[in-house]
Structure formats: structure tokens, C-alpha cells
Amino acid sequence: MKTVLKLEETALFILGIFLFNRLNFEWWWFLALILAPDLSMIGYAFGNKVGAVLYNLFHHKGIAILLYVLGFYLKNELLQLAGIILFSHSAMDRIFGYGLKYEKGFKYTHLGEIGK
């Protein structure tokens, strides 16, 4: 992935940390939950199509932003936290070259094939 894209994703990850800092949660919550969206990979046990849909659902920044905004509007910090974790995790994954998945298989992403 190009350096500019990695820098952009790094900035978005930092934004996630900033937004988390505005909530009333201890820092260990961020550290404990940052890898939680990867539990969605369990979907691959049911095939590539189910795996890709489930993985993409938990790694889509639009959904993360929607959760955060809904939580902000409803003054619900748990929804905001969920949105921030999904957003930050997605940015972190993309820093490392992991993108949204195609139904072809786990290693096929919108950022290119993993491992190439």
C-alpha cells in the first residue's frame, strides 16, 4: 500500500484515540477491545461468502461512523465506544494492509492480495 494511504490511516487511528479520550472510559477498555472486531473472522468457518460479509460488516468505517454518531445523538457512550473501536480497528488494519474482503477468500481485499 502506498505510504500516503498508510499515513492517512494512521491519522484516522489517532482520531479514534482522540475520540476515545473524550469518553468516560478507562484506557484499558481501548486496549482490551481494539482487537475485538477480528472475532468476525469466525464467519469464515461457514465459508468464504459468510466470512467476507461478517468481516466487512465489522470493518466498515461507514458503519463505525454511524454507530458513533447515533451514540452521540442519543448520548449513549456505549454506542460511541462501539463506533470508535470499529473505526480505530479498521484504520489499524488498513495501516497493515488488511482491507475489506472479497468473497473469493480471506486474502483477497480491496487493497490487493494479502502477502503479495
# chains A, B, ... in the order shown; residues from 1 in each chain; ligands from 1
>>> select_by_dssp(residues="range 12-116 of chain A", states="strand (DSSP E or B)", output="list of chain:residue names")
A:Lys101, A:Tyr102, A:Gly105, A:Phe106, A:Lys107, A:Tyr108, A:Thr109, A:Gly112, A:Glu113
>>> write_last_selection(atoms="C-alpha atoms", output="PDB file, in the first residue's frame")
ATOM      1  CA  LYS A 101     -12.665  -8.833   1.937  1.00  0.00           C
ATOM      2  CA  TYR A 102     -13.902 -10.259  -1.332  1.00  0.00           C
ATOM      3  CA  GLY A 105     -11.189 -15.766   0.055  1.00  0.00           C
ATOM      4  CA  PHE A 106      -9.689 -14.103   3.112  1.00  0.00           C
ATOM      5  CA  LYS A 107      -6.501 -12.956   1.397  1.00  0.00           C
ATOM      6  CA  TYR A 108      -8.372 -11.062  -1.364  1.00  0.00           C
ATOM      7  CA  THR A 109      -9.086  -7.486  -0.257  1.00  0.00           C
ATOM      8  CA  GLY A 112      -4.940  -6.044  -3.000  1.00  0.00           C
ATOM      9  CA  GLU A 113      -3.990  -9.594  -2.202  1.00  0.00           C
TER      10      GLU A 113
END
>>> residues_around(residues="range 78-81 of chain A", least_positions_apart="2", cutoff="9 Å", atoms="only C-alpha atoms", output="tab-separated table (two decimals) with all heavy atoms, in the first residue's frame")
chain	number	residue	atom	x	y	z
A	19	LEU	N	-11.02	10.60	19.99
A	19	LEU	CA	-12.44	10.49	20.31
A	19	LEU	C	-12.66	9.59	21.52
A	19	LEU	O	-13.53	9.87	22.36
A	19	LEU	CB	-13.22	9.97	19.10
A	19	LEU	CG	-13.30	10.92	17.91
A	19	LEU	CD1	-13.95	10.23	16.72
A	19	LEU	CD2	-14.05	12.19	18.28
A	20	PHE	N	-11.88	8.52	21.63
A	20	PHE	CA	-11.99	7.65	22.80
A	20	PHE	C	-11.65	8.44	24.06
A	20	PHE	O	-12.32	8.29	25.09
A	20	PHE	CB	-11.07	6.43	22.67
A	20	PHE	CG	-11.10	5.58	23.91
A	20	PHE	CD1	-12.10	4.65	24.10
A	20	PHE	CD2	-10.13	5.72	24.89
A	20	PHE	CE1	-12.15	3.88	25.25
A	20	PHE	CE2	-10.17	4.95	26.04
A	20	PHE	CZ	-11.18	4.03	26.22
A	23	LEU	N	-14.41	10.17	25.90
A	23	LEU	CA	-15.41	9.38	26.61
A	23	LEU	C	-14.97	9.14	28.04
A	23	LEU	O	-13.81	9.33	28.40
A	23	LEU	CB	-15.63	8.04	25.90
A	23	LEU	CG	-16.15	8.09	24.47
A	23	LEU	CD1	-16.27	6.68	23.91
A	23	LEU	CD2	-17.48	8.81	24.39
A	25	PHE	N	-14.31	6.41	29.77
A	25	PHE	CA	-13.87	5.03	29.96
A	25	PHE	C	-12.39	5.05	30.29
A	25	PHE	O	-11.65	5.92	29.85
A	25	PHE	CB	-14.07	4.20	28.67
A	25	PHE	CG	-15.50	3.90	28.36
A	25	PHE	CD1	-16.21	4.69	27.48
A	25	PHE	CD2	-16.13	2.82	28.94
A	25	PHE	CE1	-17.53	4.41	27.18
A	25	PHE	CE2	-17.45	2.52	28.66
A	25	PHE	CZ	-18.16	3.33	27.77
A	30	PHE	N	-9.93	0.57	25.77
A	30	PHE	CA	-9.50	0.69	24.38
A	30	PHE	C	-8.55	-0.46	24.03
A	30	PHE	O	-8.71	-1.11	23.01
A	30	PHE	CB	-8.81	2.04	24.15
A	30	PHE	CG	-8.47	2.32	22.71
A	30	PHE	CD1	-9.41	2.87	21.86
A	30	PHE	CD2	-7.21	2.05	22.21
A	30	PHE	CE1	-9.12	3.13	20.54
A	30	PHE	CE2	-6.90	2.29	20.89
A	30	PHE	CZ	-7.86	2.84	20.05
A	64	ALA	N	-19.12	2.12	11.38
A	64	ALA	CA	-18.49	2.62	12.61
A	64	ALA	C	-18.90	4.08	12.87
A	64	ALA	O	-19.26	4.44	13.99
A	64	ALA	CB	-16.97	2.51	12.50
A	65	ILE	N	-18.87	4.90	11.84
A	65	ILE	CA	-19.24	6.30	11.99
A	65	ILE	C	-20.72	6.42	12.34
A	65	ILE	O	-21.10	7.23	13.20
A	65	ILE	CB	-18.89	7.09	10.70
A	65	ILE	CG1	-17.37	7.18	10.55
A	65	ILE	CG2	-19.52	8.48	10.71
A	65	ILE	CD1	-16.90	7.68	9.20
A	67	LEU	N	-22.57	4.27	13.99
A	67	LEU	CA	-22.72	3.91	15.40
A	67	LEU	C	-22.27	5.05	16.32
A	67	LEU	O	-22.96	5.37	17.30
A	67	LEU	CB	-21.90	2.66	15.73
A	67	LEU	CG	-22.49	1.32	15.34
A	67	LEU	CD1	-21.49	0.21	15.58
A	67	LEU	CD2	-23.77	1.07	16.10
A	68	TYR	N	-21.14	5.66	16.00
A	68	TYR	CA	-20.64	6.75	16.82
A	68	TYR	C	-21.61	7.93	16.82
A	68	TYR	O	-21.95	8.48	17.88
A	68	TYR	CB	-19.25	7.21	16.36
A	68	TYR	CG	-18.76	8.40	17.16
A	68	TYR	CD1	-18.23	8.21	18.43
A	68	TYR	CD2	-18.87	9.69	16.68
A	68	TYR	CE1	-17.81	9.29	19.19
A	68	TYR	CE2	-18.45	10.77	17.43
A	68	TYR	CZ	-17.92	10.57	18.69
A	68	TYR	OH	-17.51	11.63	19.44
A	69	VAL	N	-22.08	8.33	15.64
A	69	VAL	CA	-22.99	9.48	15.53
A	69	VAL	C	-24.32	9.18	16.24
A	69	VAL	O	-24.86	10.04	16.94
A	69	VAL	CB	-23.21	9.86	14.05
A	69	VAL	CG1	-24.34	10.86	13.89
A	69	VAL	CG2	-21.92	10.41	13.46
A	70	LEU	N	-24.82	7.97	16.08
A	70	LEU	CA	-26.04	7.58	16.77
A	70	LEU	C	-25.85	7.64	18.29
A	70	LEU	O	-26.71	8.16	19.01
A	70	LEU	CB	-26.47	6.18	16.33
A	70	LEU	CG	-27.80	5.66	16.86
A	70	LEU	CD1	-28.95	6.53	16.37
A	70	LEU	CD2	-28.01	4.22	16.43
A	71	GLY	N	-24.72	7.14	18.75
A	71	GLY	CA	-24.41	7.21	20.18
A	71	GLY	C	-24.27	8.64	20.67
A	71	GLY	O	-24.72	8.98	21.77
A	72	PHE	N	-23.66	9.49	19.85
A	72	PHE	CA	-23.52	10.90	20.21
A	72	PHE	C	-24.89	11.56	20.30
A	72	PHE	O	-25.18	12.29	21.25
A	72	PHE	CB	-22.64	11.61	19.18
A	72	PHE	CG	-22.34	13.04	19.50
A	72	PHE	CD1	-21.32	13.36	20.39
A	72	PHE	CD2	-23.07	14.07	18.93
A	72	PHE	CE1	-21.04	14.68	20.70
A	72	PHE	CE2	-22.80	15.39	19.24
A	72	PHE	CZ	-21.78	15.69	20.12
A	74	LEU	N	-27.83	10.12	20.79
A	74	LEU	CA	-28.61	9.56	21.89
A	74	LEU	C	-27.93	9.72	23.24
A	74	LEU	O	-28.48	9.28	24.25
A	74	LEU	CB	-28.87	8.07	21.62
A	74	LEU	CG	-29.69	7.73	20.38
A	74	LEU	CD1	-29.75	6.23	20.18
A	74	LEU	CD2	-31.09	8.32	20.50
A	75	LYS	N	-26.75	10.32	23.25
A	75	LYS	CA	-25.95	10.47	24.47
A	75	LYS	C	-25.70	9.11	25.13
A	75	LYS	O	-25.81	8.95	26.34
A	75	LYS	CB	-26.61	11.44	25.44
A	75	LYS	CG	-26.73	12.85	24.89
A	75	LYS	CD	-27.36	13.77	25.88
A	75	LYS	CE	-27.54	15.19	25.44
A	75	LYS	NZ	-27.23	15.64	24.15
A	76	ASN	N	-25.34	8.14	24.29
A	76	ASN	CA	-25.08	6.78	24.73
A	76	ASN	C	-23.59	6.48	24.48
A	76	ASN	O	-23.19	6.23	23.35
A	76	ASN	CB	-25.97	5.80	23.97
A	76	ASN	CG	-25.81	4.37	24.42
A	76	ASN	OD1	-24.73	3.93	24.79
A	76	ASN	ND2	-26.90	3.63	24.38
A	83	GLY	N	-18.58	2.43	18.09
A	83	GLY	CA	-18.20	3.09	16.84
A	83	GLY	C	-16.73	3.42	16.79
A	83	GLY	O	-16.06	3.21	15.77
A	84	ILE	N	-16.19	3.92	17.89
A	84	ILE	CA	-14.77	4.28	17.94
A	84	ILE	C	-13.89	3.05	17.80
A	84	ILE	O	-12.88	3.07	17.08
A	84	ILE	CB	-14.46	5.05	19.24
A	84	ILE	CG1	-15.08	6.45	19.18
A	84	ILE	CG2	-12.96	5.13	19.49
A	84	ILE	CD1	-15.08	7.18	20.52
A	85	ILE	N	-14.25	1.97	18.47
A	85	ILE	CA	-13.45	0.74	18.39
A	85	ILE	C	-13.47	0.20	16.96
A	85	ILE	O	-12.42	-0.15	16.41
A	85	ILE	CB	-13.95	-0.31	19.40
A	85	ILE	CG1	-13.66	0.14	20.83
A	85	ILE	CG2	-13.33	-1.68	19.12
A	85	ILE	CD1	-12.19	0.34	21.18
A	86	LEU	N	-14.65	0.13	16.35
A	86	LEU	CA	-14.72	-0.37	14.97
A	86	LEU	C	-13.93	0.53	14.02
A	86	LEU	O	-13.21	0.05	13.15
A	86	LEU	CB	-16.18	-0.45	14.51
A	86	LEU	CG	-17.04	-1.52	15.19
A	86	LEU	CD1	-18.48	-1.42	14.68
A	86	LEU	CD2	-16.49	-2.90	14.98
>>> residues_around(residues="range 45-62 of chain A", least_positions_apart="3", cutoff="6 Å", atoms="only C-alpha atoms", output="PDB file with N, CA and C atoms, in the first residue's frame")
ATOM      1  N   PRO A  37     -13.064  -6.633  16.968  1.00  0.00           N
ATOM      2  CA  PRO A  37     -13.699  -6.815  15.652  1.00  0.00           C
ATOM      3  C   PRO A  37     -13.143  -7.999  14.857  1.00  0.00           C
ATOM      4  N   SER A  40     -14.936 -11.393  14.145  1.00  0.00           N
ATOM      5  CA  SER A  40     -15.810 -11.587  12.982  1.00  0.00           C
ATOM      6  C   SER A  40     -15.217 -12.583  11.989  1.00  0.00           C
ATOM      7  N   MET A  41     -13.934 -12.888  12.098  1.00  0.00           N
ATOM      8  CA  MET A  41     -13.312 -13.876  11.208  1.00  0.00           C
ATOM      9  C   MET A  41     -13.882 -15.280  11.431  1.00  0.00           C
ATOM     10  N   ILE A  42     -14.594 -15.462  12.537  1.00  0.00           N
ATOM     11  CA  ILE A  42     -15.239 -16.747  12.797  1.00  0.00           C
ATOM     12  C   ILE A  42     -16.195 -17.096  11.662  1.00  0.00           C
ATOM     13  N   ILE A  65     -18.867   4.896  11.841  1.00  0.00           N
ATOM     14  CA  ILE A  65     -19.241   6.301  11.988  1.00  0.00           C
ATOM     15  C   ILE A  65     -20.718   6.424  12.340  1.00  0.00           C
ATOM     16  N   PHE A  87     -14.064   1.839  14.185  1.00  0.00           N
ATOM     17  CA  PHE A  87     -13.360   2.796  13.331  1.00  0.00           C
ATOM     18  C   PHE A  87     -11.843   2.677  13.505  1.00  0.00           C
ATOM     19  N   SER A  90     -10.471  -0.642  12.176  1.00  0.00           N
ATOM     20  CA  SER A  90     -10.429  -0.651  10.715  1.00  0.00           C
ATOM     21  C   SER A  90      -9.244   0.150  10.193  1.00  0.00           C
ATOM     22  N   LEU A 100     -11.092  -4.553   3.211  1.00  0.00           N
ATOM     23  CA  LEU A 100     -12.365  -5.255   3.159  1.00  0.00           C
ATOM     24  C   LEU A 100     -12.211  -6.478   2.256  1.00  0.00           C
ATOM     25  N   LYS A 101     -12.882  -7.540   2.601  1.00  0.00           N
ATOM     26  CA  LYS A 101     -12.665  -8.833   1.937  1.00  0.00           C
ATOM     27  C   LYS A 101     -13.616  -9.052   0.760  1.00  0.00           C
ATOM     28  N   GLU A 103     -15.415 -12.131  -1.614  1.00  0.00           N
ATOM     29  CA  GLU A 103     -15.929 -13.474  -1.345  1.00  0.00           C
ATOM     30  C   GLU A 103     -15.019 -14.580  -1.856  1.00  0.00           C
ATOM     31  N   GLY A 105     -11.989 -15.195  -1.024  1.00  0.00           N
ATOM     32  CA  GLY A 105     -11.189 -15.766   0.055  1.00  0.00           C
ATOM     33  C   GLY A 105     -10.631 -14.677   0.947  1.00  0.00           C
TER      34      GLY A 105
END
>>> atom_distance(atom1="CA of Asp93 in chain A", atom2="CA of Tyr73 in chain A")
27.5 Å
>>> atom_distance(atom1="CA of Ile34 in chain A", atom2="CA of Ile95 in chain A")
14.1 Å
>>> atom_distance(atom1="CA of Lys104 in chain A", atom2="CA of Ser88 in chain A")
25.7 Å
>>> select_by_dssp(residues="chain A", states="helix (DSSP H, G or I)", output="JSON, numbers by chain")
{"A": [3, 4, 5, 6, 7, 8, 9, 10, 11, 12, 13, 14, 15, 16, 17, 18, 19, 20, 21, 27, 28, 29, 30, 31, 32, 33, 36, 37, 38, 39, 40, 41, 42, 43, 44, 45, 46, 48, 49, 50, 51, 52, 53, 54, 55, 56, 57, 61, 62, 63, 64, 65, 66, 67, 68, 69, 70, 71, 72, 73, 74, 77, 78, 79, 80, 81, 82, 83, 84, 85, 86, 87, 88, 89, 90, 91, 92, 93, 94, 95]}
>>> write_last_selection(atoms="C-alpha atoms", output="mmCIF file, in the first residue's frame")
data_model
loop_
_atom_site.group_PDB
_atom_site.id
_atom_site.type_symbol
_atom_site.label_atom_id
_atom_site.label_comp_id
_atom_site.auth_asym_id
_atom_site.auth_seq_id
_atom_site.Cartn_x
_atom_site.Cartn_y
_atom_site.Cartn_z
ATOM 1 C CA THR A 3 2.836 5.497 2.012
ATOM 2 C CA VAL A 4 0.267 8.278 1.684
ATOM 3 C CA LEU A 5 -2.576 5.833 2.371
ATOM 4 C CA LYS A 6 -0.776 4.444 5.399
ATOM 5 C CA LEU A 7 -0.264 7.978 6.726
ATOM 6 C CA GLU A 8 -3.945 8.737 6.169
ATOM 7 C CA GLU A 9 -4.992 5.607 8.063
ATOM 8 C CA THR A 10 -2.546 6.483 10.849
ATOM 9 C CA ALA A 11 -4.196 9.903 11.152
ATOM 10 C CA LEU A 12 -7.616 8.227 11.327
ATOM 11 C CA PHE A 13 -6.355 5.849 14.026
ATOM 12 C CA ILE A 14 -5.111 8.849 16.020
ATOM 13 C CA LEU A 15 -8.546 10.468 15.538
ATOM 14 C CA GLY A 16 -10.088 7.328 17.041
ATOM 15 C CA ILE A 17 -7.787 7.606 20.060
ATOM 16 C CA PHE A 18 -8.716 11.276 20.427
ATOM 17 C CA LEU A 19 -12.440 10.489 20.311
ATOM 18 C CA PHE A 20 -11.994 7.650 22.796
ATOM 19 C CA ASN A 21 -10.211 10.069 25.125
ATOM 20 C CA TRP A 27 -7.754 3.476 28.819
ATOM 21 C CA TRP A 28 -7.590 -0.268 29.357
ATOM 22 C CA TRP A 29 -11.014 -0.538 27.650
ATOM 23 C CA PHE A 30 -9.496 0.691 24.378
ATOM 24 C CA LEU A 31 -6.615 -1.761 24.655
ATOM 25 C CA ALA A 32 -8.911 -4.635 25.615
ATOM 26 C CA LEU A 33 -11.397 -4.036 22.798
ATOM 27 C CA ALA A 36 -12.475 -7.484 19.236
ATOM 28 C CA PRO A 37 -13.699 -6.815 15.652
ATOM 29 C CA ASP A 38 -11.393 -9.608 14.467
ATOM 30 C CA LEU A 39 -13.743 -12.091 16.139
ATOM 31 C CA SER A 40 -15.810 -11.587 12.982
ATOM 32 C CA MET A 41 -13.312 -13.876 11.208
ATOM 33 C CA ILE A 42 -15.239 -16.747 12.797
ATOM 34 C CA GLY A 43 -17.610 -16.305 9.856
ATOM 35 C CA TYR A 44 -15.010 -17.944 7.632
ATOM 36 C CA ALA A 45 -15.788 -21.229 9.393
ATOM 37 C CA PHE A 46 -19.072 -21.110 7.430
ATOM 38 C CA ASN A 48 -15.884 -17.502 2.207
ATOM 39 C CA LYS A 49 -19.140 -15.681 1.455
ATOM 40 C CA VAL A 50 -20.383 -15.646 5.066
ATOM 41 C CA GLY A 51 -16.876 -14.844 6.268
ATOM 42 C CA ALA A 52 -16.483 -11.895 3.919
ATOM 43 C CA VAL A 53 -19.911 -10.454 4.766
ATOM 44 C CA LEU A 54 -19.378 -10.752 8.515
ATOM 45 C CA TYR A 55 -15.796 -9.481 8.359
ATOM 46 C CA ASN A 56 -16.774 -6.491 6.201
ATOM 47 C CA LEU A 57 -19.686 -5.648 8.492
ATOM 48 C CA LYS A 61 -15.872 2.629 8.524
ATOM 49 C CA GLY A 62 -19.306 3.862 7.433
ATOM 50 C CA ILE A 63 -20.981 1.552 9.942
ATOM 51 C CA ALA A 64 -18.494 2.624 12.608
ATOM 52 C CA ILE A 65 -19.241 6.301 11.988
ATOM 53 C CA LEU A 66 -22.983 5.627 12.005
ATOM 54 C CA LEU A 67 -22.715 3.914 15.405
ATOM 55 C CA TYR A 68 -20.638 6.753 16.824
ATOM 56 C CA VAL A 69 -22.991 9.479 15.532
ATOM 57 C CA LEU A 70 -26.044 7.581 16.768
ATOM 58 C CA GLY A 71 -24.409 7.208 20.179
ATOM 59 C CA PHE A 72 -23.516 10.898 20.213
ATOM 60 C CA TYR A 73 -27.077 11.875 19.274
ATOM 61 C CA LEU A 74 -28.612 9.557 21.887
ATOM 62 C CA GLU A 77 -21.370 6.290 25.406
ATOM 63 C CA LEU A 78 -21.511 2.533 24.789
ATOM 64 C CA LEU A 79 -22.647 3.120 21.199
ATOM 65 C CA GLN A 80 -19.969 5.775 20.815
ATOM 66 C CA LEU A 81 -17.393 3.348 22.179
ATOM 67 C CA ALA A 82 -18.502 0.642 19.738
ATOM 68 C CA GLY A 83 -18.203 3.089 16.843
ATOM 69 C CA ILE A 84 -14.775 4.284 17.941
ATOM 70 C CA ILE A 85 -13.454 0.742 18.388
ATOM 71 C CA LEU A 86 -14.719 -0.365 14.969
ATOM 72 C CA PHE A 87 -13.360 2.796 13.331
ATOM 73 C CA SER A 88 -9.958 2.612 15.042
ATOM 74 C CA HIS A 89 -9.599 -1.098 14.398
ATOM 75 C CA SER A 90 -10.429 -0.651 10.715
ATOM 76 C CA ALA A 91 -7.839 2.120 10.397
ATOM 77 C CA MET A 92 -5.261 -0.034 12.192
ATOM 78 C CA ASP A 93 -5.964 -2.984 9.897
ATOM 79 C CA ARG A 94 -5.552 -0.811 6.822
ATOM 80 C CA ILE A 95 -2.245 0.529 8.116
#
